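First comes the structure, then the notes that go with it.
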Amino acid sequence: MVFVCKEAAATIITMMSATKKRLKIAAVVTIVLGLIYLLRFLNNTSLISRSSTSGQQQEEEQQRQWPPTENVQQRNLQLAYEEQHALFEAQQLEMKHTKEQLVHLEEQIRSLQASTPRKYPKVKYLNYKNRKRILITGGAGFVGSHLVDDLMIQGHEIIVVDNFFTGRKRNVEHWLGHENFELIHHDIVNPLFIEIDEIYHLASPASPPHYMYNPVKTIKTNTMGTINVLGLAKRVMAKVLIASTSEVYGDPTVHPQPETYWGHVNPIGPRACYDEGKRVSETLSYAYAKQEKVQVRVARIFNTYGPRMHMNDGRVVSNFILQALRNETITVYGNGKQTRSFQYVSDLVDGMIALMASNYTQPVNLGNPVEQSIEEFAQIIKQLVGGPSEIKQTKAMEDDPQRRKPDITRAKTLLKWEPKVPLETGLMKTISYFRNELARSDRFQENSKKYFESPDLQRSRP
Ligand SMILES: O=C(O)[C@H]1O[C@H](OP(=O)(O)OP(=O)(O)OC[C@H]2O[C@@H](n3ccc(=O)[nH]c3=O)[C@H](O)[C@@H]2O)[C@H](O)[C@@H](O)[C@@H]1O
């Protein structure tokens with residue numbers, strides 16, 4: 001601006017020395033030039049201020065825009081952000097599907113519950129004085145669940161404790177919700193504090209493949225578990241019945257086996273975890289009886305069979321029946337000359353209840369003295385089931401007891417008990433149970449196949 005004015009003044013001084021006319025022209029030119037400079041200057045100034053405003057706006061725009069797009073770091077951030085966002089959206093969609101499915105399932109459960117009113121088997125009414133609180137360890141197992149049924153029907157309050165290693169909720173589900181029944185998921189290897197009048201201690205795997213599967217656990221259950229049960233009995237002054245076994249006789253050298261026989265057990269063989277575990281269990285019972293005045297009953301249980309045996313039980317009765325029903329080969333371990341005496345489960349339960357009610361404290365054999373070889377037993381099953389199954393000999397089991405038959409004189413005289421169910425009758429009931437189980441498992445497999453292959457499920461999968 002200063003420069004422009006100086007220039008204009010210089011021009012005017014020059015013009016003053018010229019003619020009047022030239023002077024006028026020079027003045028006009030000078031003024032026009034000055035105006036042009038002035039206009040240019042003003043224009044430039046406004047351009048500068050305009051461009052600085054748009055720069056600010058751009059910066060603000062950039063700040064508003066997230067994630068930033070300018071440099072690499074920002075671009076990476078943006079990509080990560082977009083990825084997370086996409087994942088989040090996919091998860092939300094999956095969650096929505098799952099919620100829809102849950103709602104559908106809940107509706108189905110509600111309608112099923114509504115259509116099946118809870119009906120329990122009839123139970124006797126016992127007054128407060130006669131009604132006992134009875135704890136059954138292993139009460140969801142094969143034998144335990146039948147004992148539960150009988151004692152419930154008699155009108156007692158039953159508390160089942162089971163770790164469900166071999167027991168199943170299904171075995172006692174018909175009592176769930178009944179005011180006299182309680183089911184506790186508990187491993188008896190850990191102490192239990194509860195008020196009861198009687199205990200039936202059945203908790204332990206009993207089938208050779210099951211107890212050999214985890215021998216340490218089998219020993220713990222039969223030693224620590226029994227200590228916990230006897231300790232509980234001592235605290236609350238309850239009577240205890242310990243479920244012992246014919247296996248305490250090992251591979252017997254006396255036949256048939258009376259309770260006075262001390263047995264022939266290999267202490268380091270594959271069966272020892274069970275055989276010796278049960279022998280210690282008996283020893284503990286009599287130690288608590290002597291030292292702590294606990295009232296004990298010991299039942300030595302011989303081979304027992306019946307409905308609610310597990311399909312994967314692995315013992316001879318379930319194996320042979322399932323093999324025959326599936327038209328598979330019936331597998332006899334060894335030469336089949338070894339013998340067993342089989343009792344039906346309801347006979348055993350009657351014997352246990354009679355023993356608990358008695359005053360007799362020494363061990364009592366509970367078994368059916370009708371003895372047969374395993375070879376004969378395979379023939380009986382094949383004949384009862386029918387079908388084309390072959391009977392074949394396979395590898396013998398290590399330390400398999402060769403002869404087993406209970407001497408039941410004690411039970412007969414002291415408990416007035418003896419087995420009532422003939423082998424054929426019991427086996428027919430057991431065969432019919434396994435036939436239903438097979439049909440049920442086929443149905444289950446088919447339904448689950450249908451479900452997992454259904455287009456709805458495929459669509460809802462992420
Ligand atoms: O059922 C029971 O109450 C008894 O079962 C088992 O004793 P174990 O007599 O060896 O029972 P199984 O596994 O049923 O075997 C019986 C006989 O059949 C044979 N067997 C078993 C399964 C098989 O598929 N094929 C076969 O020939 C065995 O070698 C054995 O000689 C347990 O060890 C006992 O504690 C339990 O009291």
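In the structure tokens, each chain is lettered A, B, ... as it comes, each chain's residues begin at 1, and ligands are numbered from 1 in order of appearance.
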
Which residues of chain A come within 7 Å of ligand 1, and what is each one's closest atom pair and distance in Å (one decimal), counting only C-alpha atoms and all ligand atoms, sorted by chain and residue number, as a tab-separated table?
residue	atom	partner	partner_atom_place_in_ligand_line	distance
A:Ala206	CA	ligand 1	35 (O)	5.1
A:Ser207	CA	ligand 1	32 (C)	5.0
A:Pro208	CA	ligand 1	33 (O)	5.1
A:Thr245	CA	ligand 1	37 (O)	5.2
A:Ser246	CA	ligand 1	37 (O)	6.0
A:Glu247	CA	ligand 1	35 (O)	5.4
A:Ile301	CA	ligand 1	37 (O)	5.6
A:Phe302	CA	ligand 1	37 (O)	4.9
A:Asn303	CA	ligand 1	3 (O)	3.1
A:Thr304	CA	ligand 1	3 (O)	4.3
A:Tyr305	CA	ligand 1	1 (O)	6.5
A:Gly314	CA	ligand 1	22 (C)	6.2
A:Arg315	CA	ligand 1	14 (O)	3.5
A:Val316	CA	ligand 1	22 (C)	3.7
A:Val317	CA	ligand 1	14 (O)	6.1
A:Asn319	CA	ligand 1	24 (O)	5.0
A:Phe320	CA	ligand 1	24 (O)	6.2
A:Thr331	CA	ligand 1	25 (N)	5.1
A:Val332	CA	ligand 1	27 (O)	3.5
A:Tyr333	CA	ligand 1	27 (O)	3.7
A:Gly334	CA	ligand 1	27 (O)	6.8
A:Gly336	CA	ligand 1	27 (O)	6.4
A:Gln338	CA	ligand 1	31 (O)	5.6
A:Thr339	CA	ligand 1	31 (O)	6.8
A:Arg340	CA	ligand 1	9 (O)	6.4
A:Ile374	CA	ligand 1	18 (O)	5.8
A:Ala396	CA	ligand 1	29 (O)	6.4
A:Met397	CA	ligand 1	29 (O)	5.4
A:Asp400	CA	ligand 1	31 (O)	5.7
A:Pro401	CA	ligand 1	31 (O)	6.6
A:Gln402	CA	ligand 1	31 (O)	7.0

| request: Taking the chain letters and numbering used in this document, name the residues of range 192-301 of chain A that DSSP puts in strand (DSSP E), as JSON, numbers by chain. | output: {"A": [198, 199, 200, 201, 239, 240, 241, 242, 243, 244, 245, 296, 297, 298, 299, 300, 301]}

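Near His186 in chain A, within 7 Å and counting only C-alpha atoms, sit A:Val161, A:Asp162, A:Asn163, not including residues fewer than 5 positions from it in the same chain.
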
Next, write the just-selected residues to a file, as a CSV table (one decimal), in the first residue's frame, keeping C-alpha atoms as the atom set.
chain,number,residue,atom,x,y,z
A,161,VAL,CA,-26.6,-89.5,46.7
A,162,ASP,CA,-24.8,-90.4,43.4
A,163,ASN,CA,-21.8,-89.1,41.4

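Distances here use only C-alpha atoms; by that measure, the residue among A:Ser145, A:Asn436, A:Asn71, A:Ser281 closest to Leu322 in chain A is A:Asn436.
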
| task | Mind listing the helix (DSSP H, G or I) residues of range 288-384 of chain A, per DSSP on the backbone, as a ChimeraX atom specification? | result | /A:288-292,316-325,345-357,374-384

| query | What does the distance from CA of Leu93 in chain A to CA of Lys450 in chain A come to in Å, to one decimal? | reply | 24.1 Å

| Restricting the calculation to only C-alpha atoms, which member of A:Glu179, A:Glu282, A:Asp275, A:Glu89 is positioned closest to Ile219 in chain A? | A:Asp275

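Put simply, CA of Lys412 in chain A is 28.1 Å away from CA of Val229 in chain A.
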
| task | Would you mind listing what lies within 9 Å of Gly306 in chain A as a ChimeraX atom specification, with only C-alpha atoms counted and same-chain residues fewer than 3 positions away left out? | result | /A:142-143,309,317-318,343-346,426-427,429-431,433

| note | Among A:Glu398, A:Phe181, A:Gln91, A:Ser441, Asp251 in chain A is approached most closely, using only C-alpha atoms, by A:Glu398
